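**Student:** One file is attached below, upload30.cif, containing mmCIF, C-alpha atoms.
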data_coords
#
loop_
_atom_site.label_atom_id
_atom_site.label_comp_id
_atom_site.auth_asym_id
_atom_site.auth_seq_id
_atom_site.Cartn_x
_atom_site.Cartn_y
_atom_site.Cartn_z
CA MET A 1028 -2.95 6.79 11.67
CA THR A 1029 -0.57 5.61 8.96
CA PHE A 1030 0.80 3.14 11.52
CA HIS A 1031 -2.69 1.61 11.60
CA VAL A 1032 -3.85 1.78 8.02
CA ILE A 1033 -0.77 1.26 5.87
CA GLY A 1034 0.87 -0.84 8.59
CA ILE A 1035 -2.00 -3.35 8.52
CA ASN A 1036 -2.10 -3.27 4.71
CA SER A 1037 1.63 -3.95 4.54
CA ILE A 1038 1.47 -7.13 6.65
CA TYR A 1039 -1.21 -8.83 4.55
CA GLY A 1040 1.55 -11.15 3.36
CA LEU A 1041 1.26 -12.90 6.75
CA PHE A 1042 -2.45 -13.47 6.14
CA GLN A 1043 -1.64 -14.62 2.61
CA GLU A 1044 0.81 -17.19 3.94
CA PHE A 1045 -1.59 -18.49 6.59
CA TYR A 1046 -4.78 -18.57 4.51
CA THR A 1047 -3.05 -20.49 1.69
CA SER A 1048 -1.21 -22.90 4.02
CA PRO A 1049 -2.42 -26.36 5.13
CA GLU A 1050 -3.30 -24.83 8.54
CA THR A 1051 -5.87 -22.46 7.01
CA ASN A 1052 -9.29 -22.06 8.60
CA VAL A 1053 -10.89 -20.99 5.31
CA LYS A 1054 -12.38 -23.65 3.08
CA GLY A 1055 -10.95 -23.79 -0.42
CA ALA A 1056 -8.15 -21.30 0.30
CA GLU A 1057 -5.17 -23.65 0.54
CA GLY A 1058 -2.74 -22.97 -2.29
CA GLN A 1059 -5.11 -20.46 -3.92
CA ASP A 1060 -2.84 -17.41 -4.03
CA ALA A 1061 -4.91 -15.47 -6.56
CA LEU A 1062 -8.19 -15.83 -4.66
CA VAL A 1063 -6.64 -15.12 -1.26
CA SER A 1064 -4.64 -12.12 -2.46
CA LEU A 1065 -7.92 -10.62 -3.68
CA VAL A 1066 -9.00 -10.22 -0.03
CA GLY A 1067 -6.03 -7.99 0.70
CA THR A 1068 -6.24 -6.06 -2.56
CA ILE A 1069 -9.93 -5.32 -2.01
CA GLY A 1070 -9.01 -3.91 1.40
CA SER A 1071 -6.01 -1.87 0.28
CA GLY A 1072 -7.69 -0.93 -3.00
CA LEU A 1073 -10.71 0.50 -1.21
CA THR A 1074 -8.39 2.30 1.22
CA TRP A 1075 -7.12 4.37 -1.71
CA SER A 1076 -10.09 4.42 -4.08
CA GLY A 1077 -12.41 5.43 -1.23
CA SER A 1078 -10.91 8.90 -1.61
CA ILE A 1079 -13.42 9.53 -4.38
CA PHE A 1080 -16.28 9.66 -1.85
CA VAL A 1081 -14.41 10.53 1.37
CA ASN A 1082 -12.83 13.78 0.14
CA PRO A 1083 -16.17 15.29 -0.97
CA MET A 1084 -17.57 14.18 2.39
CA ILE A 1085 -14.78 16.08 4.17
CA SER A 1086 -15.74 19.32 2.41
CA ARG A 1087 -19.40 18.94 3.39
CA VAL A 1088 -19.17 17.74 7.02
CA ASP A 1089 -18.31 20.34 9.66
CA ASN A 1090 -16.95 17.88 12.20
CA VAL A 1091 -14.45 15.75 10.26
CA LYS A 1092 -13.67 13.93 13.51
CA LEU A 1093 -16.89 11.95 13.00
CA ILE A 1094 -15.73 10.74 9.58
CA SER A 1095 -12.38 9.53 10.87
CA LEU A 1096 -13.85 7.97 14.02
CA SER A 1097 -16.56 6.19 12.03
CA GLY A 1098 -13.88 4.89 9.69
CA ALA A 1099 -11.80 3.52 12.58
CA PHE A 1100 -14.90 1.75 13.89
CA ILE A 1101 -15.90 0.26 10.52
CA MET A 1102 -12.40 -1.03 9.68
CA SER A 1103 -12.08 -2.53 13.17
CA VAL A 1104 -15.45 -4.27 12.80
CA GLY A 1105 -14.27 -5.69 9.47
CA ILE A 1106 -11.14 -7.13 11.09
CA PHE A 1107 -13.11 -8.49 14.06
CA LEU A 1108 -15.80 -10.15 11.92
CA ALA A 1109 -13.12 -11.76 9.74
CA SER A 1110 -12.31 -13.94 12.76
CA PHE A 1111 -15.63 -15.76 12.29
CA CYS A 1112 -15.18 -16.41 8.56
CA THR A 1113 -14.83 -19.90 7.12
CA GLN A 1114 -15.41 -19.07 3.43
CA LEU A 1115 -13.49 -16.83 1.07
CA TRP A 1116 -16.56 -14.80 0.12
CA GLN A 1117 -17.00 -13.93 3.79
CA LEU A 1118 -13.43 -12.61 3.92
CA TYR A 1119 -14.13 -10.53 0.82
CA LEU A 1120 -16.97 -8.80 2.67
CA THR A 1121 -15.23 -8.34 6.04
CA GLN A 1122 -11.44 -8.16 5.77
CA GLY A 1123 -11.86 -6.81 2.25
CA MET A 1124 -14.82 -4.44 1.84
CA LEU A 1125 -15.64 -3.40 5.42
CA TYR A 1126 -12.00 -2.94 6.31
CA GLY A 1127 -11.25 -1.03 3.09
CA ILE A 1128 -14.21 1.37 3.35
CA GLY A 1129 -13.47 2.06 7.02
CA SER A 1130 -9.73 2.53 6.53
CA SER A 1131 -10.37 5.06 3.76
CA MET A 1132 -12.68 7.09 6.02
CA TYR A 1133 -10.08 6.93 8.79
CA TYR A 1134 -7.14 7.79 6.49
CA PHE A 1135 -8.15 10.73 4.30
CA PRO A 1136 -9.54 13.23 6.85
CA LEU A 1137 -6.14 13.25 8.53
CA MET A 1138 -3.99 12.88 5.41
CA SER A 1139 -5.79 15.55 3.37
CA LEU A 1140 -4.81 18.25 5.88
CA THR A 1141 -1.07 17.71 6.03
CA PRO A 1142 0.27 19.11 2.71
CA ALA A 1143 -1.56 22.43 3.19
CA TYR A 1144 0.39 23.08 6.41
CA PHE A 1145 3.85 22.89 4.79
CA ASP A 1146 5.66 24.38 1.81
CA ARG A 1147 9.47 24.45 1.87
CA ASN A 1148 9.73 21.29 4.00
CA ARG A 1149 6.63 19.59 2.63
CA GLY A 1150 8.59 16.56 1.42
CA ALA A 1151 10.20 15.99 4.82
CA ALA A 1152 6.87 16.48 6.61
CA MET A 1153 5.08 13.92 4.43
CA GLY A 1154 8.04 11.56 4.76
CA ILE A 1155 7.77 11.69 8.55
CA VAL A 1156 3.98 11.21 8.47
CA LEU A 1157 4.17 8.26 6.10
CA ALA A 1158 7.10 6.73 7.98
CA GLY A 1159 4.43 5.65 10.44
CA SER A 1160 3.45 2.99 7.94
CA GLY A 1161 6.89 1.43 8.06
CA VAL A 1162 6.92 1.52 11.84
CA GLY A 1163 3.48 -0.09 11.73
CA GLY A 1164 4.77 -2.96 9.61
CA LEU A 1165 7.87 -3.30 11.81
CA VAL A 1166 5.79 -3.63 14.98
CA LEU A 1167 2.70 -5.39 13.66
CA SER A 1168 4.50 -8.10 11.67
CA PRO A 1169 6.21 -9.86 14.62
CA VAL A 1170 3.39 -9.03 17.06
CA PHE A 1171 0.69 -10.45 14.82
CA HIS A 1172 2.82 -13.52 14.10
CA ILE A 1173 3.15 -14.13 17.85
CA LEU A 1174 -0.62 -13.72 18.28
CA LEU A 1175 -1.19 -16.08 15.37
CA THR A 1176 1.06 -18.82 16.73
CA ARG A 1177 -0.10 -18.52 20.35
CA LEU A 1178 -3.78 -17.64 20.05
CA GLY A 1179 -4.69 -18.83 16.56
CA ILE A 1180 -6.03 -16.81 13.65
CA ARG A 1181 -9.47 -16.15 15.17
CA TRP A 1182 -8.31 -14.53 18.40
CA ALA A 1183 -5.41 -12.82 16.65
CA LEU A 1184 -7.91 -11.03 14.39
CA ARG A 1185 -10.15 -10.14 17.34
CA VAL A 1186 -7.26 -8.64 19.30
CA LEU A 1187 -6.12 -6.69 16.22
CA GLY A 1188 -9.63 -5.33 15.61
CA ILE A 1189 -10.20 -4.24 19.22
CA TRP A 1190 -6.74 -2.69 19.49
CA ASN A 1191 -7.26 -0.81 16.22
CA PHE A 1192 -10.45 0.88 17.41
CA VAL A 1193 -9.18 1.64 20.93
CA LEU A 1194 -6.21 3.55 19.50
CA GLY A 1195 -8.30 5.05 16.71
CA ILE A 1196 -10.43 6.99 19.20
CA PRO A 1197 -7.73 9.38 20.50
CA ILE A 1198 -6.15 9.66 17.04
CA SER A 1199 -9.46 10.74 15.45
CA SER A 1200 -10.21 13.05 18.37
CA VAL A 1201 -7.39 15.47 17.46
CA LEU A 1202 -9.52 16.64 14.52
CA THR A 1203 -11.71 19.65 15.25
CA LYS A 1204 -14.10 21.88 13.32
CA LYS A 1205 -11.25 24.20 12.33
CA HIS A 1206 -9.52 21.25 10.68
CA GLY A 1207 -12.63 20.72 8.58
CA VAL A 1208 -12.37 24.35 7.44
CA ALA A 1209 -8.69 23.83 6.63
CA ALA A 1210 -9.51 20.71 4.62
CA GLY A 1211 -12.10 22.63 2.64
CA ALA A 1212 -9.53 25.32 1.94
CA THR A 1213 -7.33 22.88 0.01
CA GLY A 1214 -9.59 23.38 -2.97
CA ARG A 1215 -12.37 21.91 -5.06
CA THR A 1216 -13.41 18.28 -4.83
CA ARG A 1217 -14.05 17.72 -8.54
CA VAL A 1218 -11.31 17.57 -11.15
CA SER A 1219 -11.78 20.26 -13.80
CA MET A 1220 -11.82 19.22 -17.46
CA ALA A 1221 -8.90 21.56 -18.10
CA LEU A 1222 -6.78 19.42 -15.76
CA VAL A 1223 -8.09 16.15 -17.18
CA LYS A 1224 -6.99 17.15 -20.68
CA ARG A 1225 -3.44 17.87 -19.57
CA GLY A 1226 -0.86 15.25 -20.48
CA THR A 1227 0.63 15.42 -17.00
CA PHE A 1228 -2.69 14.38 -15.43
CA ILE A 1229 -3.23 11.43 -17.77
CA LEU A 1230 0.30 10.10 -17.31
CA GLN A 1231 0.25 10.74 -13.56
CA SER A 1232 -2.94 8.67 -13.32
CA PHE A 1233 -1.54 5.86 -15.46
CA GLY A 1234 1.72 5.85 -13.48
CA ALA A 1235 -0.21 5.72 -10.19
CA PHE A 1236 -2.20 2.73 -11.44
CA LEU A 1237 0.93 0.85 -12.51
CA GLN A 1238 2.90 1.65 -9.35
CA ALA A 1239 0.09 0.49 -7.06
CA ALA A 1240 -0.26 -2.74 -9.06
CA GLY A 1241 3.48 -3.41 -9.11
CA ASN A 1242 4.10 -2.52 -5.47
CA THR A 1243 1.54 -5.00 -4.11
CA VAL A 1244 3.36 -7.94 -5.75
CA PRO A 1245 6.52 -8.00 -3.57
CA VAL A 1246 4.56 -6.91 -0.47
CA TYR A 1247 2.08 -9.81 -0.74
CA PHE A 1248 4.42 -12.56 -1.95
CA LEU A 1249 7.60 -11.78 -0.03
CA THR A 1250 6.60 -14.03 2.86
CA THR A 1251 5.25 -16.90 0.74
CA TYR A 1252 8.41 -16.89 -1.41
CA SER A 1253 10.68 -17.09 1.63
CA VAL A 1254 8.69 -20.07 2.98
CA SER A 1255 7.82 -21.95 -0.22
CA VAL A 1256 10.98 -21.52 -2.27
CA LEU A 1257 13.77 -20.67 0.17
CA SER A 1258 12.43 -23.01 2.91
CA TYR A 1259 12.54 -20.44 5.69
CA SER A 1260 10.13 -20.85 8.60
CA SER A 1261 7.02 -18.70 8.79
CA THR A 1262 8.59 -16.93 11.79
CA THR A 1263 11.58 -15.93 9.67
CA GLY A 1264 9.21 -14.88 6.90
CA SER A 1265 7.43 -12.51 9.27
CA LEU A 1266 10.83 -11.16 10.37
CA PHE A 1267 11.75 -10.43 6.75
CA LEU A 1268 8.51 -8.50 6.34
CA ALA A 1269 9.29 -6.52 9.49
CA VAL A 1270 12.80 -5.69 8.25
CA ASN A 1271 11.43 -4.55 4.90
CA THR A 1272 8.91 -2.20 6.49
CA ALA A 1273 11.44 -0.91 9.02
CA VAL A 1274 13.88 0.04 6.28
CA ASN A 1275 10.98 1.52 4.35
CA SER A 1276 10.06 3.70 7.32
CA VAL A 1277 13.52 5.25 7.62
CA ALA A 1278 13.77 5.60 3.85
CA ARG A 1279 10.53 7.59 3.61
CA ILE A 1280 11.92 10.24 5.94
CA ALA A 1281 15.27 10.26 4.12
CA MET A 1282 13.55 10.48 0.73
CA GLY A 1283 11.46 13.42 1.94
CA VAL A 1284 14.50 15.31 3.22
CA LEU A 1285 16.44 14.53 0.03
CA ALA A 1286 13.49 15.61 -2.11
CA ASP A 1287 13.34 19.04 -0.46
CA ARG A 1288 16.93 19.59 -1.56
CA VAL A 1289 17.29 17.99 -4.98
CA GLY A 1290 13.67 18.11 -6.14
CA ARG A 1291 10.58 16.11 -5.23
CA GLN A 1292 9.79 14.95 -8.73
CA ASN A 1293 13.43 13.99 -9.36
CA THR A 1294 13.52 11.86 -6.23
CA MET A 1295 10.20 10.18 -6.99
CA VAL A 1296 11.22 9.27 -10.55
CA LEU A 1297 14.49 7.71 -9.44
CA SER A 1298 12.90 5.80 -6.55
CA VAL A 1299 10.30 4.16 -8.82
CA ILE A 1300 12.77 3.22 -11.56
CA PHE A 1301 15.35 1.79 -9.16
CA SER A 1302 12.68 -0.12 -7.21
CA ALA A 1303 11.84 -1.84 -10.52
CA VAL A 1304 15.51 -2.60 -11.09
CA SER A 1305 15.80 -4.13 -7.61
CA VAL A 1306 12.87 -6.48 -8.32
CA LEU A 1307 14.27 -7.65 -11.66
CA ALA A 1308 17.91 -7.85 -10.55
CA LEU A 1309 17.61 -9.23 -7.01
CA TRP A 1310 14.26 -11.01 -6.56
CA TYR A 1311 14.29 -12.84 -9.89
CA ASP A 1312 15.72 -16.36 -9.35
CA SER A 1313 17.19 -15.25 -6.02
CA ASP A 1314 19.02 -17.39 -3.51
CA ARG A 1315 18.94 -16.58 0.19
CA GLY A 1316 21.67 -13.96 0.03
CA ARG A 1317 20.21 -12.03 -2.90
CA PHE A 1318 16.73 -12.27 -1.42
CA ILE A 1319 17.86 -10.61 1.82
CA ALA A 1320 19.58 -7.89 -0.25
CA PHE A 1321 16.32 -7.44 -2.15
CA ILE A 1322 14.29 -7.10 1.07
CA VAL A 1323 16.54 -4.26 2.25
CA LEU A 1324 17.04 -2.46 -1.06
CA TYR A 1325 13.39 -2.64 -2.09
CA GLY A 1326 12.45 -1.31 1.33
CA VAL A 1327 14.73 1.67 0.75
CA LEU A 1328 13.50 2.45 -2.76
CA ALA A 1329 9.79 1.61 -2.71
CA GLY A 1330 8.88 4.18 -0.08
CA GLY A 1331 9.84 7.15 -2.26
CA TYR A 1332 6.74 7.13 -4.45
CA ASN A 1333 4.27 6.78 -1.59
CA ALA A 1334 5.96 9.48 0.47
CA LEU A 1335 6.33 11.98 -2.36
CA LEU A 1336 3.15 11.53 -4.41
CA PRO A 1337 1.08 13.98 -2.29
CA THR A 1338 3.83 16.62 -2.42
CA THR A 1339 4.25 16.33 -6.18
CA ILE A 1340 0.49 16.59 -6.70
CA ALA A 1341 0.49 19.90 -4.83
CA GLU A 1342 3.59 21.01 -6.76
CA VAL A 1343 2.40 20.10 -10.26
CA TYR A 1344 -1.28 21.03 -9.98
CA GLY A 1345 -1.24 23.66 -7.21
CA VAL A 1346 -2.52 23.50 -3.63
CA GLN A 1347 -5.89 24.82 -4.80
CA ASN A 1348 -6.37 21.64 -6.88
CA TYR A 1349 -4.78 19.29 -4.36
CA SER A 1350 -7.97 17.81 -2.91
CA SER A 1351 -9.59 16.99 -6.27
CA VAL A 1352 -6.46 15.62 -7.95
CA ASN A 1353 -5.34 13.71 -4.86
CA SER A 1354 -8.71 11.98 -4.47
CA PHE A 1355 -8.80 10.97 -8.14
CA ILE A 1356 -5.19 9.75 -8.24
CA TYR A 1357 -5.73 7.63 -5.13
CA PHE A 1358 -8.97 6.32 -6.64
CA ILE A 1359 -6.90 5.13 -9.61
CA ARG A 1360 -4.30 3.64 -7.24
CA GLY A 1361 -7.06 1.62 -5.62
CA PHE A 1362 -7.91 0.04 -8.96
CA GLY A 1363 -4.22 -0.62 -9.55
CA ALA A 1364 -3.95 -2.51 -6.28
CA LEU A 1365 -6.85 -4.73 -7.37
CA PHE A 1366 -4.96 -5.79 -10.49
CA GLY A 1367 -1.47 -6.35 -9.07
CA ALA A 1368 -1.42 -9.21 -6.58
CA PRO A 1369 -4.42 -11.21 -7.93
CA ILE A 1370 -2.90 -11.42 -11.43
CA ALA A 1371 0.42 -12.38 -9.83
CA GLY A 1372 -1.50 -15.11 -7.99
CA VAL A 1373 -2.93 -16.37 -11.28
CA ILE A 1374 0.60 -16.48 -12.73
CA LEU A 1375 1.75 -18.42 -9.67
CA GLY A 1376 -1.15 -20.85 -9.83
CA SER A 1377 -2.40 -23.31 -7.21
CA HIS A 1378 0.22 -25.21 -5.24
CA GLN A 1379 1.04 -26.64 -1.84
CA ARG A 1380 3.50 -25.19 0.64
CA GLY A 1381 6.93 -26.47 1.52
CA ALA A 1382 8.45 -29.90 1.07
CA SER A 1383 5.16 -31.72 1.52
CA GLY A 1384 3.90 -30.13 -1.65
CA SER A 1385 6.98 -30.91 -3.72
CA LYS A 1386 5.61 -34.29 -4.75
CA ASN A 1387 2.76 -32.60 -6.59
CA PHE A 1388 4.49 -29.41 -7.61
CA ALA A 1389 8.22 -29.65 -8.38
CA MET A 1390 10.34 -27.04 -6.64
CA ASP A 1391 12.02 -25.90 -9.85
CA ALA A 1392 8.63 -25.34 -11.46
CA LEU A 1393 7.50 -23.33 -8.43
CA ARG A 1394 10.65 -21.20 -8.62
CA THR A 1395 9.98 -20.60 -12.32
CA ARG A 1396 6.47 -19.40 -11.50
CA TYR A 1397 7.84 -17.01 -8.88
CA ASN A 1398 10.36 -15.74 -11.44
CA ASP A 1399 7.43 -14.93 -13.74
CA VAL A 1400 5.76 -13.11 -10.84
CA ALA A 1401 8.95 -11.07 -10.26
CA VAL A 1402 9.11 -10.11 -13.94
CA TYR A 1403 5.45 -9.10 -13.87
CA GLY A 1404 5.95 -6.88 -10.81
CA GLY A 1405 9.20 -5.41 -12.12
CA VAL A 1406 7.75 -4.51 -15.53
CA LEU A 1407 4.77 -2.78 -13.89
CA LEU A 1408 7.10 -0.68 -11.73
CA LEU A 1409 9.39 0.12 -14.65
CA ALA A 1410 6.44 1.28 -16.76
CA SER A 1411 5.29 3.44 -13.85
CA GLY A 1412 8.76 4.96 -13.61
CA LEU A 1413 8.66 5.92 -17.28
CA CYS A 1414 5.26 7.56 -16.77
CA VAL A 1415 6.36 9.71 -13.84
CA ALA A 1416 9.58 10.61 -15.68
CA TYR A 1417 7.52 11.89 -18.61
CA VAL A 1418 5.29 13.81 -16.17
CA ARG A 1419 8.47 15.46 -14.88
CA TRP A 1420 9.42 16.54 -18.42
CA LEU A 1421 5.92 17.76 -19.34
CA ASP A 1422 5.61 19.75 -16.11
CA ALA A 1423 8.92 21.50 -16.83
CA ARG A 1424 7.74 22.31 -20.36
CA ASN A 1425 4.39 23.63 -19.10
CA LYS A 1426 6.18 25.90 -16.62
CA GLY A 1427 8.32 27.49 -19.31
CA GLY A 1428 11.60 25.60 -19.22
CA TRP A 1429 13.71 22.84 -17.74
CA SER A 1430 14.95 23.11 -14.18
CA TRP A 1431 17.25 20.49 -12.72
CA ARG A 1432 15.69 20.92 -9.29
CA ALA A 1433 12.00 20.02 -9.44
#
Let me see the structure of the file written as structure tokens.
**Tutor:**
Amino acid sequence: MTFHVIGINSIYGLFQEFYTSPETNVKGAEGQDALVSLVGTIGSGLTWSGSIFVNPMISRVDNVKLISLSGAFIMSVGIFLASFCTQLWQLYLTQGMLYGIGSSMYYFPLMSLTPAYFDRNRGAAMGIVLAGSGVGGLVLSPVFHILLTRLGIRWALRVLGIWNFVLGIPISSVLTKKHGVAAGATGRTRVSMALVKRGTFILQSFGAFLQAAGNTVPVYFLTTYSVSVLSYSSTTGSLFLAVNTAVNSVARIAMGVLADRVGRQNTMVLSVIFSAVSVLALWYDSDRGRFIAFIVLYGVLAGGYNALLPTTIAEVYGVQNYSSVNSFIYFIRGFGALFGAPIAGVILGSHQRGASGSKNFAMDALRTRYNDVAVYGGVLLLASGLCVAYVRWLDARNKGGWSWRA
């Protein structure tokens, strides 16, 4: 399931590159990074923020299989209908809203069950589950690029939509009525005011917002930077995206195993802070060598937060509050995703791709704009790291004293 949902979300950079290129099939999209990135952020934002209505639905519906299966169908329809779009507003409705609502319904019935099944090895378990997203990006990035170059964007989207639903059927079918009971056992679906007033909850929410906003920036603009500034081909750009997600996949498992031994909150704090450092130190004004180093290192570090957030929610707030806190935190992450890439697109501004556009938009000016985008993304991630670090300190204080392993 994470192969499908997060894998497709993670390769939106390929759509970003195509829709803003001279070969685009969407009117008014060429060079409009802010407007085009909004399509992807609506989709990924709704994937997370949809938790606010999906999790209560899980607790009320006996057969959660129907929720997940309906979600797989809706997200697949959104992808399929996007193949007929010629205007940006049409993409907002299909590849944005329909896809996002469906992916959320597909994602949370399966994901909400996992943490309740594990305790001592919860970090490793979630790392393995969420590693599917990296494998998804690794496989889907080159495959979709091949479909795009050989079949064109319309048939590439149709194949992706049909494939998504065909595989979604057996995945959703593993859920049974007893899984619905287990999901309901993870606790209440509304956040209590006592939790809301806690400093840990406020900072956790703010950190989730900032991390989601900051993380979308490299993911969406990695491919366009490699093509526009470093003059790589679009094929190489898709390969870079695949490498990044492959490294991310392995790192999520490793981070989960490490977290079970040195502390889940410790590992999450360090992964967020060092992911910010990698953006500011390696992506900013990077040449080809530093950019490749950034692709690998960011892939290693960025997966820690996503893999460990569910486990730390259960650890800080208790399994009995997991469902309510998890749904709210992911709701906030959805809003964060909506702010990250579109604002980065505004900073970048409208421009043409490659050498043909250099007459109208000097390459050094374009590099400067991308440097500003890197600073924006890095600062967001750094601020998120400070938030989760303070959550770590507050949680230790609330539990009666500092422990190095937490």
**Student:** Would you please work out which residue, of A:Ala1183, A:Ile1094, A:Ile1033, A:Ala1303, is nearest to Asn1275 (chain A) when using all atoms listed in the file?
**Tutor:**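 That would be A:Ile1033, the residue with the smallest distance to Asn1275 (chain A).
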**Student:** If you apply the PyMOL selection byres ((chain A and resi 1268) around 9) to this file, what residues do you get, as a list in words?
**Tutor:**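 Those residues are Ser1037, Ile1038, Gly1040, Leu1041, Gly1164, Leu1165, Ser1168, Pro1169, Val1246, Leu1249, Thr1250, Thr1263, Gly1264, Ser1265, Leu1266, Phe1267, Ala1269, Val1270, Asn1271, Thr1272, Ala1273 and Ile1322 of chain A.
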**Student:** Need the shell around Val1306 (chain A): protein/DNA/RNA residues with any atom at most 10 Å away, counting all atoms listed in the file. Skip same-chain ones fewer than 3 positions apart. Format as a PyMOL selection string?
**Tutor:** chain A and resi 1241+1244-1245+1301-1303+1309-1311+1318+1321-1322+1324-1325+1401-1406+1408-1409
**Student:** Which distance in Å separates CA of Ser1255 (chain A) and CA of Thr1047 (chain A), to one decimal?
**Tutor:**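 Atom-to-atom, CA of Ser1255 (chain A) to CA of Thr1047 (chain A), that is 11.1 Å.
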**Student:** Write out as a list in words which residues come within 10 Å of Leu1093 (chain A) when counting only C-alpha atoms, dropping same-chain ones fewer than 2 positions away.
**Tutor:**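 Returned residues: Ile1085, Val1088, Asp1089, Asn1090, Val1091, Ser1095, Leu1096, Ser1097, Gly1098, Ala1099, Met1132, Tyr1133, Pro1136, Ser1199, Ser1200, Leu1202 and Thr1203 of chain A.
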**Student:** Just to be explicit: take each residue in the selection above, keep C-alpha atoms, and write the result as a PDB file, keeping the file's coordinate frame.
**Tutor:**
ATOM      1  CA  ILE A1085     -14.780  16.080   4.170  1.00  0.00           C
ATOM      2  CA  VAL A1088     -19.170  17.740   7.020  1.00  0.00           C
ATOM      3  CA  ASP A1089     -18.310  20.340   9.660  1.00  0.00           C
ATOM      4  CA  ASN A1090     -16.950  17.880  12.200  1.00  0.00           C
ATOM      5  CA  VAL A1091     -14.450  15.750  10.260  1.00  0.00           C
ATOM      6  CA  SER A1095     -12.380   9.530  10.870  1.00  0.00           C
ATOM      7  CA  LEU A1096     -13.850   7.970  14.020  1.00  0.00           C
ATOM      8  CA  SER A1097     -16.560   6.190  12.030  1.00  0.00           C
ATOM      9  CA  GLY A1098     -13.880   4.890   9.690  1.00  0.00           C
ATOM     10  CA  ALA A1099     -11.800   3.520  12.580  1.00  0.00           C
ATOM     11  CA  MET A1132     -12.680   7.090   6.020  1.00  0.00           C
ATOM     12  CA  TYR A1133     -10.080   6.930   8.790  1.00  0.00           C
ATOM     13  CA  PRO A1136      -9.540  13.230   6.850  1.00  0.00           C
ATOM     14  CA  SER A1199      -9.460  10.740  15.450  1.00  0.00           C
ATOM     15  CA  SER A1200     -10.210  13.050  18.370  1.00  0.00           C
ATOM     16  CA  LEU A1202      -9.520  16.640  14.520  1.00  0.00           C
ATOM     17  CA  THR A1203     -11.710  19.650  15.250  1.00  0.00           C
TER      18      THR A1203
END
**Student:** Excluding same-chain residues fewer than 6 positions from Ser1064 (chain A), what lies within 7 Å of it counting only C-alpha atoms, as a VMD selection string?
**Tutor:** chain A and resid 1043 1368 to 1369
**Student:** With the PyMOL selection byres ((chain A and resi 1134) around 12) as the selection, what would be picked from this file? Answer as a ChimeraX atom specification, please.
**Tutor:** /A:1028-1034,1071,1073-1078,1081-1082,1085,1091-1092,1094-1099,1102,1126-1133,1135-1141,1156-1157,1160,1195,1198-1199,1354,1357
**Student:** Can you give me, as a PyMOL selection string, the residues this file yields under the PyMOL selection byres ((chain A and resi 1363) around 10)?
**Tutor:** chain A and resi 1068+1072+1075-1076+1233-1243+1357-1362+1364-1368
**Student:** For Ala1056 (chain A), which of A:Val1418, A:Ile1079, A:Leu1118, A:Tyr1344 is the closest residue, counting only C-alpha atoms?
**Tutor:**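 Checking each of A:Val1418, A:Ile1079, A:Leu1118, A:Tyr1344 against Ala1056 (chain A), counting only C-alpha atoms, the winner is A:Leu1118.
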**Student:** Using only C-alpha atoms, can you tell me which of A:Val1352, A:Leu1407, A:Ala1109, A:Val1274 comes closest to Pro1083 (chain A)?
**Tutor:**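 Comparing A:Val1352, A:Leu1407, A:Ala1109, A:Val1274 against Pro1083 (chain A), the winner is A:Val1352.
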**Student:** CA of Leu1175 (chain A) and CA of Ile1189 (chain A) are how many Å apart?
**Tutor:**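 Distance between the two atoms: 15.4 Å.
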**Student:** How many Å separate CA of Gly1058 (chain A) from CA of Arg1317 (chain A)?
**Tutor:**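 A separation of 25.4 Å between them.
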**Student:** Which polymer residues have any atom within 10 Å of an atom of Glu1050 (chain A), counting all atoms listed in the file, with same-chain residues fewer than 6 positions away left out, as a list of chain:residue names?
**Tutor:** A:Glu1044, A:Glu1057, A:Ile1180
**Student:** Could you tell me which of A:Ser1253, A:Leu1285, A:Gly1105, A:Gly1179 comes closest to Ala1152 (chain A) if we count all atoms listed in the file?
**Tutor:**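 Distance minimum relative to Ala1152 (chain A) lands on A:Leu1285.
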**Student:** Hey, which of A:Leu1222, A:Val1400, A:Val1373, A:Val1066 ends up closest to Ser1351 (chain A)? Count only C-alpha atoms.
**Tutor:** A:Leu1222
**Student:** May I ask which of the residues A:Leu1184, A:Leu1328, A:Val1162, A:Val1170 is the closest one to Ser1110 (chain A), counting only C-alpha atoms?
**Tutor:** A:Leu1184
**Student:** Mind checking which residues fall within 8 Å of Gln1231 (chain A), counting all atoms listed in the file, ignoring those fewer than 6 positions away in the same chain, and posting them as a list in words?
**Tutor:** Ile1356, Cys1414, Val1415 and Val1418 of chain A
